[in-house]
Each structure stands twice: as C-alpha cells, then as structure tokens.
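As structure tokens, the structure follows; a few thoughts come after it.
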Amino acid sequence: MVKLRDIYYCSICGNVVEILNEGQPALVCCGEEMELLDPKTEDSTTEKHVPYIEEIASGVLVKVGQNQEHPMLEKHFIKFIEVLTADKVYRAELKPGDLPQAEFPVKKSEIKMAREWCNIHGLWKS
Ligand SMILES: [Fe+2]
C-alpha cells in the first residue's frame with residue numbers, strides 16, 4: 001500500500017511521483033509498477049548527498065552536502081530539496097547551475113525530515 005509522502009520512481013521514463021493522498025495499493029507507469037524510493041542516509045563516496053540543515057535568521061538553509069557542494073551540471077544535479085514537518089511539506093525545485101541548497105521558512109525543531117533527489121544517485125534524507 002502506498003503511504004502519504006512516499007516517493008516513487010519509474011525506471012523506464014524517469015517520472016518521480018510523491019503521494020499526496022493514499023489511494024491505489026501500487027503505482028503503475030509505462031506499464032510497470034513504479035519503484036518505491038528508500039532514502040539513503042549515509043554517503044560512502046567522496047560525493048555528498050545527505051542534506052545538511054543549518055539554522056538561519058529566516059528559518060533553515062538545507063545544503064547538499066555539508067562541506068562539499070554536490071555537482072549542479074546539466075547531466076547530474078539535485079532536482080529538488082524538501083523539508084517535512086508534522087503537517088507541511090516544503091519543496092524547492094532546483095536546476096543545473098543553481099547552488100545545491102535551499103532556504104525554508106521553518107524552525108529546525110519542527111523538521112521531521114529533510115530529503116533531496118539527485119537525478120543520478122536517487123533519494124537521500126537526514
Ligand atoms: Fe549525485
């Protein structure tokens with residue numbers, strides 16, 4: 001059964017879908033069941049993906065990664081960063097050439113999860 005806020009991926013066409021309301025038990029795209037993305041939490045290579053949350057005056061700044069910026073190239077970049085609280089989902093949509101970071105008007109103490117999706121390396125959370 002799909003769950004609220006779960007993110008699914010179609011390995012055939014590249015569609016990424018977030019559940020806003022729980023309905024059917026599975027999602028189908030391109031004639032195949034979509035893959036439920038299980039966010040990774042630890043970087044094992046030099047390239048960093050885990051979102052790093054920093055408090056700023058207006059809320060939080062979420063960076064991908066902490067000390068070394070993830071590439072933001074045409075073929076390899078962070079497509080979105082999300083911050084999830086108990087009852088809200090904030091999402092920043094990024095494009096190649098942007099900085100791999102986003103500001104959100106939310107208190108760090110309210111955040112249940114920050115996550116981001118890299119078009120090559122998938123979903124990551126902290
Ligand atoms: Fe990546």
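Please note that chains go A, B, ... in the order of the structure tokens, that every chain numbers its residues from 1, and that ligands are numbered from 1 in the order shown.
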Would you mind listing the residues within 12 Å of ligand 1, counting only C-alpha atoms and all ligand atoms, as a compact mmCIF listing (two decimals) with C-alpha atoms, in the first residue's frame?
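To be explicit, this is the file written out as part-v5.txt:
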```
# COMPACT_ATOMS: atom_id res chain seq x y z
CA LYS A 40 19.73 6.66 1.74
CA ASP A 43 27.44 8.83 1.91
CA SER A 44 30.09 6.23 1.19
CA THR A 45 31.85 8.05 -1.64
CA THR A 46 33.51 11.46 -1.79
CA GLU A 47 30.42 12.93 -3.40
CA LYS A 48 27.99 14.11 -0.75
CA HIS A 49 24.21 13.76 -0.89
CA VAL A 50 22.90 13.73 2.67
CA PRO A 51 21.01 17.01 3.33
CA VAL A 64 23.65 19.10 -0.23
CA GLY A 65 26.34 18.31 1.29
CA GLU A 69 28.80 21.01 -2.82
CA HIS A 70 27.08 18.37 -4.91
CA PRO A 71 27.52 18.99 -8.68
CA MET A 72 24.79 21.01 -10.42
CA LEU A 73 25.61 20.06 -14.00
CA GLU A 74 23.26 19.51 -16.94
CA LYS A 75 23.63 15.71 -16.64
CA HIS A 76 23.98 15.40 -12.85
CA PHE A 77 22.20 17.65 -10.41
CA ILE A 78 19.86 17.93 -7.43
CA LYS A 79 16.32 18.24 -8.78
CA PRO A 100 22.69 22.74 -4.31
CA GLU A 116 16.67 15.54 -1.71
CA TRP A 117 16.66 13.74 -5.03
CA CYS A 118 19.73 13.52 -7.26
CA ASN A 119 18.90 12.61 -10.87
CA ILE A 120 21.75 10.04 -10.87
CA HIS A 121 22.05 8.83 -7.27
CA GLY A 122 18.44 8.93 -6.12
CA LEU A 123 16.77 9.89 -2.85
CA TRP A 124 18.63 10.88 0.35
```
Next item on the list: Enumerate, as a count of residues only, the complete set of residues in stretch 48-97 of chain A that a backbone-based DSSP assignment places in strand (DSSP E or B).
Entry: 24
Note to self: Which residue is closest to A:Lys108? Choose from A:Glu54, A:Asp38, A:Glu93, A:Glu32 and count only C-alpha atoms.
What the structure shows: A:Glu54
Check: What is the atom CA of A:Met34 to atom CA of A:Tyr90 distance in Å?
Finding: 23.5 Å
Can you check which parts of stretch 34-88 of chain A lie within 7 Å of stretch 109-112 of chain A? Per residue, the shortest pair of atoms and distance in Å to one decimal, counting only C-alpha atoms, sorted by chain and number, as a tab-separated table.
```
residue	atom	partner	partner_atom	distance
A:Val83	CA	A:Ile111	CA	6.7
A:Leu84	CA	A:Lys112	CA	5.7
A:Thr85	CA	A:Ile111	CA	4.7
A:Ala86	CA	A:Lys112	CA	6.7
```
Selection from above, C-alpha atoms, as a PDB file, in the first residue's frame, can you write it?
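Once everything was written out, this is out-v5.pdb:
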```
ATOM      1  CA  VAL A  83      11.661  19.764   4.297  1.00  0.00           C
ATOM      2  CA  LEU A  84       8.891  17.840   6.041  1.00  0.00           C
ATOM      3  CA  THR A  85       7.191  18.866   9.305  1.00  0.00           C
ATOM      4  CA  ALA A  86       4.278  17.131  11.027  1.00  0.00           C
TER       5      ALA A  86
END
```
Check: When distances are computed from only C-alpha atoms, which of A:Asn21, A:Arg5, A:Phe80, A:Gly14 shows the smallest separation from A:Ala92?
Finding: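 Counting only C-alpha atoms, the residue closest to A:Ala92 is A:Phe80.
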Checklist line | Coordinates-based distance that separates atom CA of A:Val106 from atom CA of A:Lys88 (Å, one decimal) | finding: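 A separation of 9.9 Å between them.
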Note to self: At a cut-off of 7 Å, using only C-alpha atoms, what residues contact A:Val62? Leave out same-chain residues fewer than 4 positions from it and give the result as a ChimeraX atom specification.
What the structure shows: /A:51-54,101-103
Keeping N, CA and C atoms, export the residues of the selection given above as a short mmCIF file (atom, residue, chain, number, x, y, z; two decimals), in the first residue's frame.
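In the end it all went to out_22.cif:
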```cif
data_model
loop_
_atom_site.label_atom_id
_atom_site.label_comp_id
_atom_site.auth_asym_id
_atom_site.auth_seq_id
_atom_site.Cartn_x
_atom_site.Cartn_y
_atom_site.Cartn_z
N PRO A 51 21.34 15.60 3.06
CA PRO A 51 21.01 17.01 3.33
C PRO A 51 21.54 17.46 4.70
N TYR A 52 22.11 18.63 4.73
CA TYR A 52 22.64 19.20 5.97
C TYR A 52 21.81 20.44 6.31
N ILE A 53 21.23 20.45 7.52
CA ILE A 53 20.32 21.53 7.92
C ILE A 53 21.05 22.53 8.81
N GLU A 54 21.02 23.79 8.39
CA GLU A 54 21.68 24.86 9.13
C GLU A 54 20.63 25.90 9.51
N GLN A 101 21.33 23.96 -2.71
CA GLN A 101 20.84 24.33 -1.38
C GLN A 101 19.54 25.12 -1.52
N ALA A 102 18.79 25.22 -0.41
CA ALA A 102 17.55 25.98 -0.43
C ALA A 102 17.21 26.44 0.98
N GLU A 103 16.56 27.61 1.06
CA GLU A 103 16.10 28.15 2.34
C GLU A 103 14.62 27.83 2.52
#
```
Checklist line | Minimum-distance residue to A:Val28, chosen among A:Gly97, A:Ile12, A:Lys107, A:Ser126 (using only C-alpha atoms) | finding: A:Ile12
Next item on the list: Rounded to one decimal place, report the atom CA of A:Ala114-atom CA of A:Gln68 distance in Å.
Entry: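 Separation between atom CA of A:Ala114 and atom CA of A:Gln68: 17.7 Å.
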Next item on the list: Excluding A:Ala26 and any residue of its chain fewer than 2 positions from it, enumerate the residues within 7 Å of it, using only C-alpha atoms, and give them as a ChimeraX atom specification.
Entry: /A:1-2,24,28,33
